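Here's start.cif, which has mmCIF, C-alpha atoms and all ligand atoms:
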data_start
#
loop_
_atom_site.label_atom_id
_atom_site.label_comp_id
_atom_site.auth_asym_id
_atom_site.auth_seq_id
_atom_site.Cartn_x
_atom_site.Cartn_y
_atom_site.Cartn_z
CA MET A 593 -6.37 -0.65 31.25
CA ASN A 594 -8.22 2.15 29.48
CA GLU A 595 -11.30 3.04 31.55
CA PHE A 596 -12.90 4.73 28.60
CA GLN A 597 -12.78 1.54 26.52
CA HIS A 598 -16.42 0.55 27.17
CA LEU A 599 -17.53 3.91 25.78
CA ALA A 600 -16.10 3.18 22.33
CA VAL A 601 -18.27 1.51 19.69
CA PRO A 602 -17.85 -2.32 19.76
CA GLY A 603 -15.60 -2.44 16.68
CA VAL A 604 -13.18 0.07 18.18
CA GLN A 605 -13.02 -1.66 21.59
CA GLY A 606 -11.09 -4.62 20.18
CA LEU A 607 -8.96 -2.63 17.74
CA ASP A 608 -5.17 -2.80 17.70
CA PRO A 609 -3.58 0.32 16.24
CA TYR A 610 -1.57 0.09 13.02
CA GLN A 611 2.17 0.02 13.71
CA PRO A 612 3.89 2.42 11.32
CA GLY A 613 7.57 2.17 10.42
CA LYS A 614 9.81 3.84 12.97
CA PRO A 615 10.76 7.38 11.90
CA GLU A 616 14.48 8.13 11.54
CA SER A 617 14.23 11.18 13.80
CA GLU A 618 12.94 9.07 16.69
CA LEU A 619 15.77 6.55 16.42
CA GLU A 620 18.26 9.40 16.21
CA ARG A 621 16.95 10.80 19.48
CA GLN A 622 16.75 7.42 21.21
CA LEU A 623 20.15 6.06 20.35
CA GLY A 624 22.08 9.21 19.52
CA LEU A 625 22.91 7.64 16.15
CA SER A 626 23.39 9.47 12.91
CA ASN A 627 23.71 7.93 9.47
CA ILE A 628 20.45 6.05 9.86
CA VAL A 629 19.06 4.00 6.99
CA LYS A 630 15.27 3.69 6.95
CA LEU A 631 13.97 0.85 4.82
CA ALA A 632 10.73 0.35 6.70
CA SER A 633 7.86 2.02 4.86
CA ASN A 634 8.32 1.30 1.15
CA GLU A 635 9.22 4.90 0.35
CA ASN A 636 11.02 5.92 -2.84
CA PRO A 637 14.77 6.35 -2.17
CA LEU A 638 14.96 8.99 -4.91
CA GLY A 639 12.29 11.11 -3.23
CA PRO A 640 9.82 13.06 -5.36
CA SER A 641 10.44 14.61 -8.74
CA PRO A 642 12.65 17.74 -8.45
CA GLU A 643 9.88 19.57 -10.31
CA VAL A 644 7.53 18.87 -7.42
CA ILE A 645 9.93 20.35 -4.88
CA ARG A 646 10.34 23.53 -6.95
CA GLN A 647 6.62 23.88 -7.34
CA ILE A 648 5.81 23.38 -3.66
CA GLN A 649 8.27 26.09 -2.69
CA GLN A 650 6.38 28.50 -4.94
CA ARG A 651 2.92 27.37 -3.87
CA CYS A 652 3.51 28.01 -0.18
CA THR A 653 2.16 31.54 -0.57
CA ASN A 654 -1.44 30.42 -0.90
CA LEU A 655 -1.94 28.34 2.22
CA SER A 656 -4.74 30.44 3.69
CA ARG A 657 -7.11 29.23 0.96
CA TYR A 658 -9.07 25.98 1.15
CA PRO A 659 -8.05 23.46 -1.48
CA ASP A 660 -10.25 22.70 -4.48
CA GLY A 661 -12.54 20.19 -2.76
CA ASN A 662 -13.31 18.55 -6.06
CA GLY A 663 -9.66 18.18 -7.13
CA THR A 664 -10.79 19.29 -10.58
CA GLU A 665 -7.43 19.59 -12.30
CA LEU A 666 -5.91 16.43 -10.89
CA LYS A 667 -9.03 14.40 -11.64
CA ALA A 668 -9.13 15.74 -15.20
CA GLU A 669 -5.52 14.71 -15.78
CA LEU A 670 -5.94 11.28 -14.18
CA ALA A 671 -9.12 10.74 -16.19
CA ARG A 672 -7.33 11.66 -19.42
CA ARG A 673 -4.47 9.26 -18.68
CA MET A 674 -6.71 6.36 -17.74
CA ALA A 675 -9.46 6.99 -20.28
CA VAL A 676 -12.21 7.29 -17.66
CA GLN A 677 -14.54 10.14 -16.64
CA PRO A 678 -13.48 12.49 -13.81
CA SER A 679 -16.74 11.52 -12.07
CA GLN A 680 -15.37 7.97 -11.71
CA ILE A 681 -12.45 9.14 -9.55
CA THR A 682 -12.39 9.50 -5.76
CA LEU A 683 -9.37 11.36 -4.39
CA GLY A 684 -8.06 10.55 -0.93
CA ASN A 685 -5.63 11.68 1.72
CA GLY A 686 -3.43 8.79 0.65
CA SER A 687 -5.09 5.74 -0.86
CA SER A 688 -5.67 4.42 2.65
CA ASP A 689 -8.18 7.25 3.03
CA VAL A 690 -10.02 5.88 -0.01
CA LEU A 691 -9.90 2.37 1.48
CA GLU A 692 -11.41 3.67 4.69
CA ILE A 693 -14.11 5.58 2.82
CA ILE A 694 -14.98 2.34 1.02
CA ALA A 695 -15.27 0.49 4.33
CA ARG A 696 -17.47 3.21 5.82
CA THR A 697 -19.66 3.36 2.73
CA PHE A 698 -20.38 -0.36 2.39
CA LEU A 699 -19.80 -2.05 5.76
CA THR A 700 -21.71 -2.11 9.02
CA THR A 701 -22.55 -4.53 11.84
CA GLY A 702 -23.69 -7.82 10.30
CA SER A 703 -21.91 -7.40 6.97
CA GLU A 704 -18.62 -9.04 6.04
CA ALA A 705 -15.38 -8.19 4.29
CA VAL A 706 -13.09 -10.77 2.72
CA PHE A 707 -9.32 -10.52 2.33
CA SER A 708 -6.25 -12.73 2.48
CA GLU A 709 -4.00 -13.70 5.30
CA PHE A 710 -0.72 -11.68 5.19
CA ALA A 711 -2.47 -8.85 3.32
CA PHE A 712 -2.15 -5.12 4.01
CA ALA A 713 -2.57 -4.46 7.76
CA MET A 714 -5.00 -1.56 7.35
CA TYR A 715 -7.81 -3.76 5.94
CA PRO A 716 -8.79 -5.40 9.24
CA ILE A 717 -8.59 -2.06 11.05
CA PHE A 718 -10.92 -0.31 8.61
CA VAL A 719 -13.34 -3.24 8.62
CA GLN A 720 -13.47 -3.66 12.37
CA ALA A 721 -14.08 0.02 13.09
CA THR A 722 -17.34 -0.21 11.08
CA GLY A 723 -18.58 -3.12 13.22
CA ALA A 724 -18.42 -5.51 10.25
CA THR A 725 -16.68 -8.89 10.36
CA SER A 726 -13.40 -9.72 8.61
CA ARG A 727 -13.29 -13.10 6.88
CA ILE A 728 -9.66 -13.94 6.31
CA ALA A 729 -8.73 -16.51 3.64
CA SER A 730 -5.67 -18.72 4.11
CA ALA A 731 -2.83 -17.66 1.86
CA LEU A 732 -1.00 -19.97 -0.55
CA GLU A 733 1.47 -22.41 1.00
CA PRO A 734 5.09 -21.34 1.54
CA SER A 735 6.08 -24.09 -0.91
CA SER A 736 3.75 -22.86 -3.68
CA GLU A 737 4.85 -20.98 -6.78
CA MET A 738 3.64 -17.73 -5.17
CA PRO A 739 4.58 -18.35 -1.51
CA TYR A 740 2.27 -16.58 0.97
CA GLY A 741 0.33 -15.05 -1.95
CA HIS A 742 -3.43 -14.56 -2.20
CA ASP A 743 -5.38 -17.80 -2.75
CA LEU A 744 -8.31 -16.61 -4.85
CA GLU A 745 -10.19 -19.90 -4.49
CA ALA A 746 -9.95 -19.68 -0.72
CA MET A 747 -11.11 -16.06 -0.89
CA TYR A 748 -14.00 -16.95 -3.17
CA SER A 749 -15.15 -19.67 -0.80
CA LEU A 750 -15.65 -17.03 1.93
CA VAL A 751 -17.92 -14.85 -0.24
CA ASN A 752 -21.59 -15.11 0.75
CA ASP A 753 -24.68 -12.92 0.75
CA LYS A 754 -23.31 -10.86 3.67
CA THR A 755 -20.10 -10.00 1.80
CA ARG A 756 -20.02 -6.32 0.89
CA VAL A 757 -16.31 -5.68 0.33
CA ILE A 758 -13.42 -7.84 -0.89
CA PHE A 759 -9.90 -6.42 -0.64
CA VAL A 760 -7.30 -7.70 -3.09
CA ALA A 761 -3.80 -6.20 -2.87
CA ASN A 762 -2.00 -6.56 -6.20
CA PRO A 763 0.87 -6.74 -5.66
CA ASN A 764 0.44 -7.51 -2.00
CA ASN A 765 2.28 -5.82 0.83
CA PRO A 766 4.14 -7.24 2.81
CA THR A 767 4.70 -10.34 0.67
CA GLY A 768 5.41 -8.72 -2.72
CA THR A 769 3.40 -11.47 -4.43
CA TYR A 770 1.00 -10.78 -7.30
CA LEU A 771 -1.99 -12.16 -9.19
CA SER A 772 -1.88 -12.63 -12.94
CA THR A 773 -4.26 -11.02 -15.43
CA ASP A 774 -6.11 -14.28 -16.09
CA SER A 775 -6.57 -15.32 -12.50
CA LEU A 776 -7.61 -11.91 -11.18
CA SER A 777 -9.98 -11.07 -14.03
CA GLY A 778 -11.63 -14.47 -13.62
CA PHE A 779 -12.03 -13.84 -9.90
CA VAL A 780 -13.57 -10.38 -10.35
CA ALA A 781 -15.95 -11.74 -13.00
CA SER A 782 -17.10 -14.53 -10.68
CA LEU A 783 -18.15 -12.22 -7.83
CA PRO A 784 -21.74 -11.25 -7.11
CA GLU A 785 -22.49 -7.63 -8.01
CA GLU A 786 -23.50 -6.91 -4.39
CA ALA A 787 -19.89 -7.46 -3.28
CA ILE A 788 -17.62 -4.49 -3.95
CA CYS A 789 -14.22 -5.72 -5.13
CA VAL A 790 -11.32 -3.43 -4.26
CA VAL A 791 -8.11 -4.01 -6.18
CA ASP A 792 -5.41 -2.13 -4.27
CA GLU A 793 -2.65 -1.26 -6.75
CA ALA A 794 -0.39 0.81 -4.45
CA TYR A 795 2.72 -0.55 -6.20
CA PHE A 796 1.33 -0.67 -9.73
CA GLU A 797 4.00 1.61 -11.26
CA TYR A 798 6.81 -0.68 -10.13
CA VAL A 799 5.61 -3.96 -11.56
CA GLU A 800 7.38 -5.17 -14.69
CA LYS A 801 5.73 -8.58 -15.25
CA GLU A 802 4.00 -9.19 -18.58
CA ASP A 803 1.13 -11.10 -17.00
CA PHE A 804 0.48 -8.40 -14.39
CA PRO A 805 -2.97 -6.85 -14.91
CA ASN A 806 -4.03 -3.24 -15.12
CA ALA A 807 -7.35 -3.63 -13.30
CA MET A 808 -8.25 -0.05 -14.24
CA GLU A 809 -9.15 -1.40 -17.69
CA TRP A 810 -11.93 -3.52 -16.15
CA VAL A 811 -13.79 -0.73 -14.37
CA GLU A 812 -16.22 -0.26 -17.30
CA ARG A 813 -17.02 -3.97 -17.32
CA PHE A 814 -17.55 -4.47 -13.58
CA PRO A 815 -19.72 -1.85 -11.82
CA ASN A 816 -18.74 -3.33 -8.43
CA LEU A 817 -14.98 -2.88 -9.00
CA ILE A 818 -12.87 -0.14 -7.38
CA VAL A 819 -9.17 0.19 -8.21
CA THR A 820 -7.02 2.24 -5.82
CA ARG A 821 -3.59 3.76 -6.45
CA THR A 822 -1.31 6.14 -4.59
CA PHE A 823 1.35 8.81 -5.02
CA SER A 824 3.06 7.57 -1.84
CA LYS A 825 5.19 4.84 -3.34
CA ALA A 826 6.68 5.16 -6.84
CA PHE A 827 5.93 8.89 -7.01
CA GLY A 828 7.75 9.53 -3.73
CA LEU A 829 5.03 11.68 -2.13
CA ALA A 830 4.22 9.65 1.00
CA GLY A 831 4.51 12.70 3.26
CA LEU A 832 1.98 14.75 1.29
CA ARG A 833 -0.80 12.12 1.47
CA ILE A 834 -2.54 11.70 -1.84
CA GLY A 835 -4.09 8.71 -3.57
CA TYR A 836 -7.22 7.82 -5.55
CA GLY A 837 -9.81 5.24 -6.39
CA VAL A 838 -11.42 4.62 -9.78
CA SER A 839 -14.81 2.92 -10.11
CA GLY A 840 -18.11 3.17 -11.94
CA VAL A 841 -19.90 6.51 -11.45
CA ARG A 842 -22.57 5.04 -9.18
CA VAL A 843 -20.04 3.69 -6.69
CA ALA A 844 -17.97 6.88 -6.95
CA ASP A 845 -21.09 8.92 -6.17
CA LEU A 846 -21.55 6.95 -2.92
CA LEU A 847 -17.91 7.31 -1.90
CA ASN A 848 -18.13 11.01 -2.55
CA ARG A 849 -20.96 11.34 -0.01
CA VAL A 850 -18.77 9.90 2.75
CA ARG A 851 -15.56 11.67 1.74
CA GLN A 852 -14.74 14.86 3.64
CA PRO A 853 -14.98 17.83 1.28
CA PHE A 854 -11.35 18.88 1.83
CA ASN A 855 -9.73 15.49 2.38
CA THR A 856 -6.85 16.29 0.03
CA ASN A 857 -4.68 19.35 0.56
CA SER A 858 -3.71 21.96 -1.99
CA LEU A 859 0.01 21.18 -2.02
CA ALA A 860 -0.68 17.50 -2.58
CA LEU A 861 -3.15 18.18 -5.40
CA ASP A 862 -0.60 20.31 -7.26
CA ALA A 863 2.29 18.00 -6.50
CA ALA A 864 0.45 14.96 -7.82
CA LEU A 865 -0.28 16.72 -11.09
CA THR A 866 3.37 17.68 -11.51
CA ALA A 867 4.59 14.24 -10.46
CA LEU A 868 2.45 12.57 -13.13
CA ALA A 869 4.07 14.70 -15.81
CA ASP A 870 7.66 13.86 -14.87
CA GLU A 871 7.99 10.63 -16.82
CA ASN A 872 11.80 10.67 -16.45
CA HIS A 873 11.60 10.58 -12.70
CA ILE A 874 9.24 7.63 -12.73
CA GLN A 875 11.51 5.79 -15.16
CA ALA A 876 14.51 6.48 -12.93
CA SER A 877 12.59 5.29 -9.87
CA ARG A 878 11.63 2.07 -11.64
CA LYS A 879 15.20 1.44 -12.70
CA VAL A 880 16.68 1.99 -9.24
CA ASN A 881 14.02 -0.31 -7.84
CA ALA A 882 14.51 -3.12 -10.35
CA GLU A 883 18.27 -3.11 -9.75
CA GLY A 884 17.88 -2.87 -5.97
CA LEU A 885 15.33 -5.68 -5.88
CA CYS A 886 17.78 -8.03 -7.67
CA PHE A 887 20.67 -6.88 -5.52
CA LEU A 888 18.80 -7.51 -2.26
CA ALA A 889 17.36 -10.85 -3.39
CA GLU A 890 20.81 -12.05 -4.44
CA GLY A 891 22.48 -10.83 -1.25
CA LEU A 892 19.87 -12.47 0.95
CA THR A 893 19.93 -15.71 -1.02
CA GLU A 894 23.72 -15.81 -0.65
CA MET A 895 23.12 -15.69 3.09
CA ARG A 896 20.98 -18.83 2.61
CA LEU A 897 17.80 -16.99 3.53
CA LYS A 898 14.47 -17.63 1.81
CA VAL A 899 13.20 -14.58 0.00
CA ILE A 900 9.60 -14.36 -1.25
CA PRO A 901 9.83 -13.32 -4.92
CA SER A 902 8.64 -9.70 -4.99
CA VAL A 903 7.38 -7.42 -7.75
CA GLY A 904 7.06 -4.38 -5.45
CA ASN A 905 9.69 -2.06 -3.96
CA PHE A 906 10.38 -4.28 -0.94
CA VAL A 907 11.28 -7.85 -0.11
CA CYS A 908 9.99 -10.14 2.55
CA VAL A 909 12.58 -12.55 3.91
CA ASP A 910 12.54 -15.43 6.37
CA VAL A 911 15.40 -14.72 8.79
CA GLN A 912 14.97 -18.15 10.43
CA ARG A 913 14.62 -16.67 13.88
CA SER A 914 12.51 -14.01 15.57
CA GLY A 915 12.01 -11.16 13.11
CA ALA A 916 11.29 -8.87 16.07
CA GLU A 917 14.75 -9.64 17.49
CA VAL A 918 16.47 -9.13 14.17
CA PHE A 919 14.56 -5.87 13.80
CA ALA A 920 15.72 -4.73 17.26
CA ASP A 921 19.34 -5.74 16.57
CA LEU A 922 19.35 -3.93 13.23
CA LEU A 923 17.87 -0.87 14.91
CA LYS A 924 20.88 -0.68 17.23
CA GLN A 925 23.05 -0.57 14.10
CA GLY A 926 20.96 2.30 12.72
CA VAL A 927 19.04 0.28 10.12
CA ILE A 928 15.24 0.38 10.32
CA VAL A 929 13.30 -2.48 8.68
CA ARG A 930 9.83 -3.82 9.40
CA PRO A 931 9.25 -6.85 11.64
CA LEU A 932 6.19 -8.84 10.55
CA SER A 933 4.99 -10.46 13.76
CA GLY A 934 1.88 -8.24 13.52
CA TYR A 935 1.20 -9.98 10.19
CA GLN A 936 1.52 -13.45 11.77
CA MET A 937 4.89 -13.89 10.04
CA PRO A 938 7.08 -14.04 13.18
CA ASN A 939 10.27 -15.10 11.39
CA HIS A 940 10.03 -12.65 8.51
CA ILE A 941 11.14 -9.08 8.09
CA ARG A 942 10.25 -6.74 5.26
CA VAL A 943 12.89 -4.47 3.82
CA THR A 944 12.26 -1.65 1.38
CA VAL A 945 14.50 -1.35 -1.67
CA GLY A 946 16.65 1.69 -0.98
CA ALA A 947 19.45 3.42 -2.84
CA ARG A 948 22.44 1.21 -3.65
CA ARG A 949 24.46 2.24 -0.62
CA GLU A 950 21.46 1.77 1.71
CA ASN A 951 20.92 -1.74 0.38
CA GLU A 952 24.62 -2.51 0.88
CA ARG A 953 24.54 -1.19 4.40
CA PHE A 954 21.43 -3.25 5.24
CA LEU A 955 23.02 -6.47 3.93
CA ALA A 956 26.27 -5.80 5.80
CA GLU A 957 24.48 -5.11 9.09
CA LEU A 958 22.17 -8.10 8.66
CA ARG A 959 25.18 -10.33 8.10
CA LYS A 960 26.65 -9.12 11.40
CA VAL A 961 23.35 -9.49 13.27
CA LEU A 962 22.76 -13.05 12.05
C1 LIG B 1 1.33 1.82 1.10
C2 LIG B 1 0.10 1.08 0.79
C3 LIG B 1 -1.14 1.73 0.59
C4 LIG B 1 -1.43 3.16 0.70
O1 LIG B 1 -0.66 4.05 1.23
P1 LIG B 1 -1.10 5.58 1.20
O2 LIG B 1 0.14 6.25 1.61
O3 LIG B 1 -2.22 5.73 2.15
O4 LIG B 1 -1.52 5.89 -0.19
C5 LIG B 1 -2.23 0.98 0.25
N1 LIG B 1 -2.15 -0.33 0.11
C6 LIG B 1 -1.01 -1.00 0.27
C7 LIG B 1 -1.00 -2.46 0.05
C8 LIG B 1 0.14 -0.31 0.63
O5 LIG B 1 1.27 -0.99 0.83
#

Is it possible to give me this structure as structure tokens?
Amino acid sequence: MNEFQHLAVPGVQGLDPYQPGKPESELERQLGLSNIVKLASNENPLGPSPEVIRQIQQRCTNLSRYPDGNGTELKAELARRMAVQPSQITLGNGSSDVLEIIARTFLTTGSEAVFSEFAFAMYPIFVQATGATSRIASALEPSSEMPYGHDLEAMYSLVNDKTRVIFVANPNNPTGTYLSTDSLSGFVASLPEEAICVVDEAYFEYVEKEDFPNAMEWVERFPNLIVTRTFSKAFGLAGLRIGYGVSGVRVADLLNRVRQPFNTNSLALDAALTALADENHIQASRKVNAEGLCFLAEGLTEMRLKVIPSVGNFVCVDVQRSGAEVFADLLKQGVIVRPLSGYQMPNHIRVTVGARRENERFLAELRKVL
């Protein structure tokens, strides 16, 4: 019992902390294992671009200076690439920072946020801390074409005059499911302008489907739309913390009032700029992922396990018994995956696509464990 609990604001009193993937170093210490494979946090097995590493080593001389609080250079380059104005961009300490800024800007006690069951676990945390209410739409049936995916009709039916924010993860984590261009654009168009629609595209760079939308192209058309992306996943910069949101200028202006002036650090700002320029590294990351995704899906299917078709850099699989137990058993073998009981998917685990030999090791250990 925490005796200070009653002192916290009501939203925080009932909050469960986010459970991050277990770090390799901790498992090493606990079990005295080496040769640990971490496939728990959807990180890029290739790491960042080698250019980024070179550049950071040089930049370490300037750490006594505050970063450029406006992120001028990075915003200019992002704006150029996406054909928007720099004033439409909000930089964040990871895109989860942007998601939290959105929640704090638009939600308070009495207002509501809508998102799907099995969606990204940070949404309810950000919503609840503001005192607002989460309205969670049932996901699509396991037997549907997009098992466990977002059901946009169910989400729409929860939108009312108290709705201020709607979170759509495309593709979604942990399921790996996605919404097509037609269905998502229709959904965004149907929303009242008073409801801010957030399309979270953390895995955008990985998706290879023809009918997968680039919601960034709709920002001009819908003044209540915010699209978020990150350098944590395909760009391999999860440890540096940098991401961004793109919206109309009026919404960006509001987000900028809530944002801390130095929420992104100088190394991350430079690294992101360099990472964007290394097209070869992104191509290589996509290729490794596409191959690994097939390899894992085939291996798991051979083991007669049901895999949710994924377009991200991870797969979600029904292990037909307690995912928490399978997670714990794999941990003893030095393989870290993510159990999904916290997502109300007690028999599923999520595994990140790693390098070839990491994927092989995971499949071999899972075979033993099961
Ligand atoms: C990983 C992830 C993010 C953001 O991660 P950051 O490291 O904070 O940029 C956002 N949304 C989803 C769905 C994710 O999986």

Distance filter 10 Å around ligand LIG 1 (chain B), atoms: all atoms listed in the file, out as a PyMOL selection string: chain A and resi 633-635+684-692+711-715+759-768+791-795+820-825+828-836+904-906

One-decimal distance in Å that lies between CA of Ser735 (chain A) and CA of Leu888 (chain A):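 That distance, rounded to one decimal, is 20.9 Å.
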
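Distances to Glu952 (chain A) were evaluated for A:Glu890, A:Asp921, A:Asp910, A:Asp803 using only C-alpha atoms, and the minimum falls at A:Glu890.
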
Who sits within 12 Å of Phe804 (chain A), all atoms listed in the file, same chain under 4 positions skipped, as a list in words: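 Result of the neighbour search: Asn762, Pro763, Thr769, Tyr770, Leu771, Ser772, Thr773, Asp774, Ser775, Leu776, Ser777, Glu793, Tyr795, Phe796, Glu797, Tyr798, Val799, Glu800, Val903 and Gly904 of chain A.
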
Length of the CA of Pro815 (chain A) to CA of Ala671 (chain A) vector [Å]: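 About the pair CA of Pro815 (chain A) and CA of Ala671 (chain A): they are 17.0 Å apart.
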
Contacts of Asn855 (chain A) within 8 Å, all atoms listed in the file, excl. fewer than 2 positions in-chain, as an MDAnalysis selection string: chainID A and resid 661 683:685 851:853 857

Distance of CA of Cys652 (chain A) from CA of Val629 (chain A), expressed in Å to one decimal place: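 Pair CA of Val629 (chain A) / CA of Cys652 (chain A) returns 29.5 Å.
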
From A:Arg673, A:Leu958, A:Gly884, A:Glu809, residue lying nearest Ala920 (chain A) [only C-alpha atoms]: A:Leu958

Residue neighbourhood Ile941 (chain A), 6 Å, all atoms listed in the file, exclusion window fewer than 3 positions, as a PyMOL selection string: chain A and resi 908-909+915+930-932

Minimum-distance residue to Ile928 (chain A), chosen among A:Arg942, A:Arg842, A:Arg878, A:Lys614 (using only C-alpha atoms): A:Lys614

Pick from A:Ser902, A:Glu704, A:Leu861, A:Thr944 nearest to Lys801 (chain A), counting only C-alpha atoms: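 Ranking A:Ser902, A:Glu704, A:Leu861, A:Thr944 by distance to Lys801 (chain A), first place goes to A:Ser902.
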
Do you know which residues lie at most 6 Å from (-12.8, -1.1, -1.0), with coordinates as in the file and all atoms listed in the file counted, and could you write them as a short mmCIF file (atom, residue, chain, number, x, y, z; two decimals) with C-alpha atoms, in the frame of the given file?
data_model
loop_
_atom_site.label_atom_id
_atom_site.label_comp_id
_atom_site.auth_asym_id
_atom_site.auth_seq_id
_atom_site.Cartn_x
_atom_site.Cartn_y
_atom_site.Cartn_z
CA LEU A 691 -9.90 2.37 1.48
CA ILE A 694 -14.98 2.34 1.02
CA VAL A 757 -16.31 -5.68 0.33
CA VAL A 790 -11.32 -3.43 -4.26
#

Top pick for closest residue to Val841 (chain A), considering A:Ser679, A:Ser877, A:Thr755, A:Thr701 and counting all atoms listed in the file: A:Ser679

Selection near Asp845 (chain A), 10 Å with only C-alpha atoms, sequence-local residues under 4 positions removed, as a list in words: Ser679, Gln680, Ile681, Thr682, Ser839, Gly840, Val841, Arg849 and Val850 of chain A

Export C-alpha atoms of the chosen residues as a CSV table (one decimal), keeping the file's coordinate frame?
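Everything below was put into result34.csv:
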chain,number,residue,atom,x,y,z
A,679,SER,CA,-16.7,11.5,-12.1
A,680,GLN,CA,-15.4,8.0,-11.7
A,681,ILE,CA,-12.4,9.1,-9.6
A,682,THR,CA,-12.4,9.5,-5.8
A,839,SER,CA,-14.8,2.9,-10.1
A,840,GLY,CA,-18.1,3.2,-11.9
A,841,VAL,CA,-19.9,6.5,-11.4
A,849,ARG,CA,-21.0,11.3,0.0
A,850,VAL,CA,-18.8,9.9,2.8

Selected residue, from A:Gly702, A:Gly946, A:Pro739, A:Pro678, that lies nearest to Asn881 (chain A) when counting only C-alpha atoms: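 For Asn881 (chain A), the nearest of the given residues is A:Gly946.
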